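**Student:** Please find one structure pasted underneath; my questions will follow.
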Amino acid sequence: MEISKTYEPQLLEKKWYEFWEKSGYFKPAGDPSQKPFTILIPPPNVTGILHMGHVLNNTLQDVVVRYHRMKGEPTLWLPGVDHAGIATQNVVEKELAKEGTNRHELGRTKLLERIWKWKNEKGGIIIDQLKLLGASCDWDRQRFTMDEMLSRAVKEVFVSLYEDGLIYKGKYIINWCPRCVTALANDEVEHADENGKLWHIRYPYASGEGFVTVATTRPETMLGDVAVAVNPKDERYKELIGKELILPLTGRKIPVVADEYVDKEFGTGCVKVTPAHDPNDFEIGQRHSLPQLLVMDEHGIMNEAAGQDFAGMERYACREKVLELLAAQGLLEKTENHDHAVGHCYRCDTVIEPYLSDQWFVKMKPLATQAIKVVESGEVKFQPERWTKVYMHWMNNIRDWCISRQIWWGHRIPAYYCDQCGYMAVAKEMPDECPVCGAKSFTQDEDVLDTWFSSWLWPFSTMGWPEETDDLKRYLPTNVLITAPEIIYLWVARMIMSTLHFKGVIPFDTVLLHGTVRDEIGRKMSKSLGNSPDPIDIINRVGADALRFSMIFGTPKGADVMYSDNILETGRNFANKMWNAYRFIMMSIDGISGLPKPHELKLELADKWIISRLQEVTKEVHSHYENLRLNDAANAIFKFMWDEFCSWYIELSKDRLRDESDLQGQLTAKYILLDTMQKGMRLLHPIMPFITEEIWQSIKTVFPMEEEALITAKLPEADNSLLDSAIDDDMRFVQESITAIRNLRKQINLAPATEIEVIIRFADSQQSELFTGYMAYFRKLAKVNRIEGGIGIDKPNAAIAAVVRNIEIFLPLSGLIDLEAERNRLSKQSEKLEKELAGIKAKLNNANFIANAKEEVVAKEKEKFEEVNTKLELLQQLIKDLQV
């Protein structure tokens with residue numbers, strides 16, 4: 001049989017993915033009446049290119065999907081892509097800028113045509129990349145959030161919520177991105193601590209001499225001040241309430257108002273009130289019927305209301321001029337350093353501006369009630385459980401959701417204004433006639449909906465809602481949602497609310513929130529830091545299986561991944577180990593004809609042990625997969641296949657496979673090697689699908705199995721009747737003893753090929769019989785050509801010893817090495833260690849060192865002392881053992 005000496009993932013991965021997809025294995029199979037297992041993909045942005053976060057997220061999903069598919073459940077992983085309103089429009093607008101034009105010159109219709117063209121040409125890149133990773137989605141069901149079916153659901157939800165009084169339009173302070181020229185929901189604002197300034201400004205009394213001092217981090221907004229607020233219980237300012245101040249640089253008179261919001265202990269106890277540019281000031285303004293003065297436009301440019309000295313200036317340039325003029329007029333009292341959190345746009349990182357604007361909102365509290373209950377009752381569970389508190393805190397303090405965006409790419413708000421009388425109609429389609437004036441001409445609202453407005457409907461819009469489709473009846477509720485914790489508010493919570501409201505069921509019963517992929521020093525991977533490798537380069541270099549295994553193996557449930565190229569060695573080495581084991585087995589059995597039935601096997605200790613261990617590992621792996629402890633599953637398979645099957649069983653089988661005088665022994669080794677390997681590949685398949693399919697299909701040619709493909713083959717089930725703790729213990733005893741003998745050989749640097757005799761002091765006759773019966777294991781794995789021993793025998797002269805459980809193993813050295821030369825060599829090593837130990841001891845006894853050195857340096861020296869002392873004690877014992 002011709003099998004490549006090295007594993008070549010690029011060839012095999014392409015071959016098997018095409019086979020799976022062409023054969024329809026990604027579709028839900030089995031009895032339609034059987035309960036299915038369903039996962040919804042968190043839809044990547046249409047602009048997206050695979051990054052390491054996608055690798056982690058989609059590998060976790062694929063492992064879970066493949067596991068349930070192999071359990072025989074009809075399994076659906078429903079894929080899709082998000083239209084990503086702001087991000088996608090930004091991409092196309094950058095292209096337009098290179099061409100010397102912009103969206104306004106192009107017009108709405110032409111821009112949308114351009115974006116659709118871009119989407120159709122380049123929007124599928126991330127899907128192709130997910131396929132390279134091995135994602136086994138049902139691609140025939142792929143959805144796009146602006147597909148006709150999903151767009152219909154968006155309109156249905158908007159109109160329904162509006163009619164229920166849960167969607168409204170109003171003038172409110174919202175988060176505004178001057179770069180993207182659109183509103184942002186609170187959850188789309190990313191806050192970062194910055195070293196800023198706090199400027200203290202004097203506001204003169206209108207009545208004459210004197211002033212109050214207010215402090216601000218945004219002095220340019222003072223041009224929009226309409227009042228100064230104080231706490232009504234603040235004795236310092238009681239006389240000022242109701243009086244007027246002069247707003248610096250404008251000459252406008254503004255009142256002093258009393259409001260409980262003001263913290264009299266913070267700063268001077270006086271707060272400038274700018275209702276059009278601060279959310280808290282907006283609330284104060286509402287309570288005191290203050291005007292709302294907007295002093296900058298949607299691009300962050302100061303407008304005419306800011307005054308002729310500032311109109312047309314960019315906001316930060318205006319800030320500098322305001323400070324310059326205040327200082328010149330003696331009104332800038334002082335400037336302090338001030339660390340504070342500054343909000344940035346999650347898309348372009350521009351500092352956001354609180355801005356007064358007409359926007360559409362969803363009332364969230366009525367929707368949150370039931371979504372809180374299903375988590376409290378355990379109907380929806382978060383894993384790790386700590387995220388439940390995060391979810392509950394946000395839900396109990398939920399605010400209304402600003403859903404309108406001032407861009408053109410997205411679901412246009414289904415609100416229509418009569419061109420004649422201004423009447424507003426909210427409807428799924430444009431009205432034919434105005435019910436107020438009878439006019440037949442309407443203009444649709446210019447704004448589009450927040451991208452998340454279509455995403456929050458994902459669990460049911462993807463299955464055909466508002467139609468009552470077969471898919472909805474069969475696949476909703478889904479089972480597990482696997483996603484990142486940063487979108488627990490933006491997406492997870494909202495899906496729970498919308499699905500409960502519109503379908504009366506939960507969208508999923510389990511939410512697995514995985515960690516973040518970070519670099520070696522703990523930084524989140526990002527393009528801007530340049531610390532994020534291209535996953536496709538990694539796949540081309542080491543293969544998707546190696547990447548998948550490496551990401552899963554070292555990442556406990558919910559923990560962050562600390563990525564470096566070094567972790568890829570784990571997956572690559574394991575893939576190579578499996579390939580080499582498979583290649584050895586297939587080549588070794590090539591000349592052994594026939595295959596015995598299970599009852600015809602001639603089982604010895606190693607056979608019974610590997611069979612028993614396979615049952616134990618199978619139970620462990622099932623449990624880990626079921627409980628989403630995927631790294632534990634990877635570790636259990638790794639240890640079994642590498643440390644037990646390859647390192648012990650395969651090694652012990654080699655002599656049996658070559659022993660033509662014992663055909664039954666040959667056939668037994670052949671059967672167990674093939675059976676254990678194919679079952680190991682079944683357990684490993686969810687994590688490393690490509691190499692396991694290749695190996696399993698090859699084994700199938702000599703070891704008949706009913707299934708057509710590993711991807712749909714059944715997972716092994718543990719047979720408790722084959723579990724044997726006594727056999728396991730005997731084999732472990734033999735392994736521990738062989739390992740001890742190997743260590744004795746290392747102590748005296750014995751050449752690997754040198755055969756040895758050992759003497760063993762046994763505790764009972766059963767031990768002696770066990771070792772005598774399996775002398776071949778010691779010969780094969782420790783080069784022992786003879787074992788002598790007995791109960792209570794004396795230690796031989798010039799021998800080194802090891803204790804294993806309650807036996808002592810002696811390795812006589814006479815004839816193996818030059819005892820005198822070895823004693824001299826070890827004595828020199830001992831003298832060197834004694835000097836090193838004395839130096840460390842002197843340092844630790846030095847009071848100055850202990851007092852002045854860093855704590856970690858002292859700890860390191862103490863650790864070094866213990867390490868050197870242990871080495872010295874072992875060396876001295878070894879010298880003692882060499883005495884004749």
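Chain identifiers are assigned as A, B, and so on, following the order in which chains appear in the structure tokens; residues are numbered from 1 within each chain, and ligands are numbered from 1 in order of appearance.
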For stretch 486-497 of chain A, work out the shell of residues within 6 Å, counting only C-alpha atoms and skipping chain neighbours fewer than 5 positions away, then give it as a list in words.
**Tutor:**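 Near stretch 486-497 of chain A, the qualifying residues are Leu367, Ala371, Trp456 and Pro507 of chain A.
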**Student:** Hey, can you spit out that residue selection with all heavy atoms as a PDB file, in the first residue's frame?
**Tutor:**
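Output file part_10.pdb is given in full below:
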```
ATOM      1  N   LEU A 367     -40.187  44.565  26.569  1.00  0.00           N
ATOM      2  CA  LEU A 367     -39.664  43.358  25.916  1.00  0.00           C
ATOM      3  C   LEU A 367     -38.717  42.590  26.834  1.00  0.00           C
ATOM      4  O   LEU A 367     -38.526  41.386  26.681  1.00  0.00           O
ATOM      5  CB  LEU A 367     -38.923  43.738  24.628  1.00  0.00           C
ATOM      6  CG  LEU A 367     -39.772  44.389  23.526  1.00  0.00           C
ATOM      7  CD1 LEU A 367     -38.874  44.912  22.414  1.00  0.00           C
ATOM      8  CD2 LEU A 367     -40.778  43.397  22.954  1.00  0.00           C
ATOM      9  N   ALA A 371     -37.729  38.164  28.882  1.00  0.00           N
ATOM     10  CA  ALA A 371     -36.351  37.720  28.622  1.00  0.00           C
ATOM     11  C   ALA A 371     -35.557  37.567  29.916  1.00  0.00           C
ATOM     12  O   ALA A 371     -34.607  36.788  29.982  1.00  0.00           O
ATOM     13  CB  ALA A 371     -35.660  38.707  27.684  1.00  0.00           C
ATOM     14  N   TRP A 456     -31.331  40.852  15.201  1.00  0.00           N
ATOM     15  CA  TRP A 456     -32.039  40.355  16.393  1.00  0.00           C
ATOM     16  C   TRP A 456     -33.195  39.429  16.025  1.00  0.00           C
ATOM     17  O   TRP A 456     -33.725  38.722  16.868  1.00  0.00           O
ATOM     18  CB  TRP A 456     -32.481  41.503  17.303  1.00  0.00           C
ATOM     19  CG  TRP A 456     -33.732  42.289  16.948  1.00  0.00           C
ATOM     20  CD1 TRP A 456     -34.151  42.685  15.733  1.00  0.00           C
ATOM     21  CD2 TRP A 456     -34.708  42.790  17.888  1.00  0.00           C
ATOM     22  NE1 TRP A 456     -35.314  43.423  15.823  1.00  0.00           N
ATOM     23  CE2 TRP A 456     -35.676  43.495  17.137  1.00  0.00           C
ATOM     24  CE3 TRP A 456     -34.840  42.723  19.263  1.00  0.00           C
ATOM     25  CZ2 TRP A 456     -36.778  44.120  17.723  1.00  0.00           C
ATOM     26  CZ3 TRP A 456     -35.935  43.351  19.848  1.00  0.00           C
ATOM     27  CH2 TRP A 456     -36.895  44.041  19.090  1.00  0.00           C
ATOM     28  N   PRO A 507     -35.122  31.440  21.782  1.00  0.00           N
ATOM     29  CA  PRO A 507     -34.407  31.188  20.514  1.00  0.00           C
ATOM     30  C   PRO A 507     -33.415  30.029  20.616  1.00  0.00           C
ATOM     31  O   PRO A 507     -33.090  29.392  19.620  1.00  0.00           O
ATOM     32  CB  PRO A 507     -33.666  32.508  20.265  1.00  0.00           C
ATOM     33  CG  PRO A 507     -33.504  33.124  21.615  1.00  0.00           C
ATOM     34  CD  PRO A 507     -34.678  32.684  22.442  1.00  0.00           C
TER      35      PRO A 507
END
```
**Student:** What's around A:Ile610 at 12 Å? Count only C-alpha atoms, leave out sequence neighbours fewer than 2 positions away in its own chain, and write the answer as JSON, numbers by chain.
**Tutor:** {"A": [603, 604, 605, 606, 607, 608, 612, 613, 614, 615, 616, 617, 618, 640, 641, 643, 644, 645, 646, 647, 648, 649, 650, 652, 653, 669, 672, 673, 675, 676, 677, 679, 680, 722, 723, 724, 725, 727, 728, 731, 732]}
**Student:** Just to be explicit: take each residue in the selection above, keep N, CA and C atoms, and write the result as a compact mmCIF listing (two decimals), in the first residue's frame.
**Tutor:**
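What landed in part09.txt:
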```
# COMPACT_ATOMS: atom_id res chain seq x y z
N LEU A 603 -6.19 -12.61 23.24
CA LEU A 603 -5.91 -11.37 23.98
C LEU A 603 -4.87 -11.58 25.08
N GLU A 604 -3.92 -10.65 25.13
CA GLU A 604 -2.96 -10.63 26.23
C GLU A 604 -3.14 -9.32 26.99
N LEU A 605 -2.27 -9.08 27.96
CA LEU A 605 -2.44 -7.94 28.86
C LEU A 605 -2.59 -6.62 28.11
N ALA A 606 -1.69 -6.32 27.17
CA ALA A 606 -1.72 -5.03 26.47
C ALA A 606 -3.01 -4.87 25.67
N ASP A 607 -3.50 -5.98 25.07
CA ASP A 607 -4.75 -5.93 24.30
C ASP A 607 -5.92 -5.58 25.22
N LYS A 608 -6.03 -6.32 26.30
CA LYS A 608 -7.14 -6.08 27.23
C LYS A 608 -7.08 -4.67 27.81
N SER A 612 -9.85 -1.77 27.33
CA SER A 612 -10.47 -1.19 28.53
C SER A 612 -10.31 0.33 28.56
N ARG A 613 -9.10 0.78 28.24
CA ARG A 613 -8.85 2.22 28.26
C ARG A 613 -9.68 2.94 27.20
N LEU A 614 -9.88 2.31 26.07
CA LEU A 614 -10.70 2.91 25.01
C LEU A 614 -12.13 3.15 25.50
N GLN A 615 -12.67 2.20 26.28
CA GLN A 615 -14.02 2.38 26.81
C GLN A 615 -14.07 3.58 27.77
N GLU A 616 -13.04 3.66 28.61
CA GLU A 616 -12.98 4.75 29.59
C GLU A 616 -12.87 6.11 28.91
N VAL A 617 -11.99 6.18 27.92
CA VAL A 617 -11.78 7.44 27.19
C VAL A 617 -13.03 7.81 26.40
N THR A 618 -13.69 6.82 25.84
CA THR A 618 -14.92 7.08 25.09
C THR A 618 -15.96 7.74 25.99
N PHE A 640 -4.76 9.75 25.11
CA PHE A 640 -5.01 8.34 24.81
C PHE A 640 -4.28 7.92 23.53
N MET A 641 -4.48 8.68 22.47
CA MET A 641 -3.93 8.28 21.17
C MET A 641 -2.40 8.37 21.14
N ASP A 643 -0.09 9.07 24.10
CA ASP A 643 0.65 8.52 25.24
C ASP A 643 0.38 7.04 25.48
N GLU A 644 -0.82 6.57 25.14
CA GLU A 644 -1.16 5.17 25.43
C GLU A 644 -1.14 4.31 24.17
N PHE A 645 -1.91 4.73 23.16
CA PHE A 645 -1.98 3.90 21.95
C PHE A 645 -0.66 3.89 21.20
N CYS A 646 -0.12 5.06 20.88
CA CYS A 646 1.12 5.12 20.08
C CYS A 646 2.35 4.73 20.89
N SER A 647 2.50 5.35 22.05
CA SER A 647 3.75 5.15 22.81
C SER A 647 3.85 3.77 23.44
N TRP A 648 2.73 3.14 23.73
CA TRP A 648 2.78 1.83 24.39
C TRP A 648 2.22 0.71 23.53
N TYR A 649 0.95 0.82 23.12
CA TYR A 649 0.36 -0.34 22.45
C TYR A 649 1.02 -0.62 21.10
N ILE A 650 1.20 0.42 20.28
CA ILE A 650 1.81 0.19 18.97
C ILE A 650 3.23 -0.37 19.14
N LEU A 652 4.39 -2.15 21.59
CA LEU A 652 4.33 -3.55 22.03
C LEU A 652 3.81 -4.48 20.95
N SER A 653 3.11 -3.93 19.96
CA SER A 653 2.54 -4.79 18.91
C SER A 653 3.56 -5.14 17.83
N ALA A 669 -3.30 -8.61 16.96
CA ALA A 669 -2.67 -7.29 16.95
C ALA A 669 -3.22 -6.45 15.80
N ILE A 672 -6.88 -5.28 16.63
CA ILE A 672 -6.98 -4.27 17.69
C ILE A 672 -6.35 -2.95 17.25
N LEU A 673 -5.28 -3.02 16.49
CA LEU A 673 -4.69 -1.79 15.95
C LEU A 673 -5.69 -1.07 15.06
N ASP A 675 -9.00 -1.48 14.85
CA ASP A 675 -10.23 -1.11 15.54
C ASP A 675 -10.01 0.11 16.45
N THR A 676 -8.90 0.10 17.17
CA THR A 676 -8.62 1.23 18.07
C THR A 676 -8.36 2.49 17.26
N MET A 677 -7.64 2.34 16.15
CA MET A 677 -7.34 3.52 15.31
C MET A 677 -8.62 4.10 14.73
N LYS A 679 -11.69 3.81 15.79
CA LYS A 679 -12.53 4.40 16.85
C LYS A 679 -11.93 5.70 17.37
N GLY A 680 -10.59 5.74 17.44
CA GLY A 680 -9.93 6.98 17.82
C GLY A 680 -10.23 8.09 16.83
N LEU A 722 -16.36 -4.30 28.99
CA LEU A 722 -14.95 -4.38 28.60
C LEU A 722 -14.04 -3.56 29.51
N LEU A 723 -14.65 -2.82 30.45
CA LEU A 723 -13.85 -2.08 31.43
C LEU A 723 -13.28 -3.06 32.45
N ASP A 724 -12.01 -2.97 32.72
CA ASP A 724 -11.38 -3.92 33.64
C ASP A 724 -10.33 -3.18 34.46
N SER A 725 -10.68 -2.80 35.67
CA SER A 725 -9.77 -2.01 36.51
C SER A 725 -8.54 -2.81 36.92
N ILE A 727 -7.02 -5.20 35.13
CA ILE A 727 -6.12 -5.21 33.97
C ILE A 727 -5.42 -3.85 33.85
N ASP A 728 -6.20 -2.78 34.01
CA ASP A 728 -5.63 -1.42 33.93
C ASP A 728 -4.51 -1.26 34.96
N MET A 731 -1.37 -3.29 34.01
CA MET A 731 -0.63 -2.67 32.90
C MET A 731 0.09 -1.41 33.38
N ARG A 732 -0.57 -0.63 34.22
CA ARG A 732 0.06 0.58 34.75
C ARG A 732 1.30 0.21 35.57
```
**Student:** Set the distance at 9 Å and use only C-alpha atoms: which residues neighbour A:Lys119 once local chain neighbours fewer than 2 positions away are removed? I'd like the list as JSON, numbers by chain.
**Tutor:** {"A": [46, 47, 83, 88, 114, 115, 116, 117, 121, 122, 123, 124]}
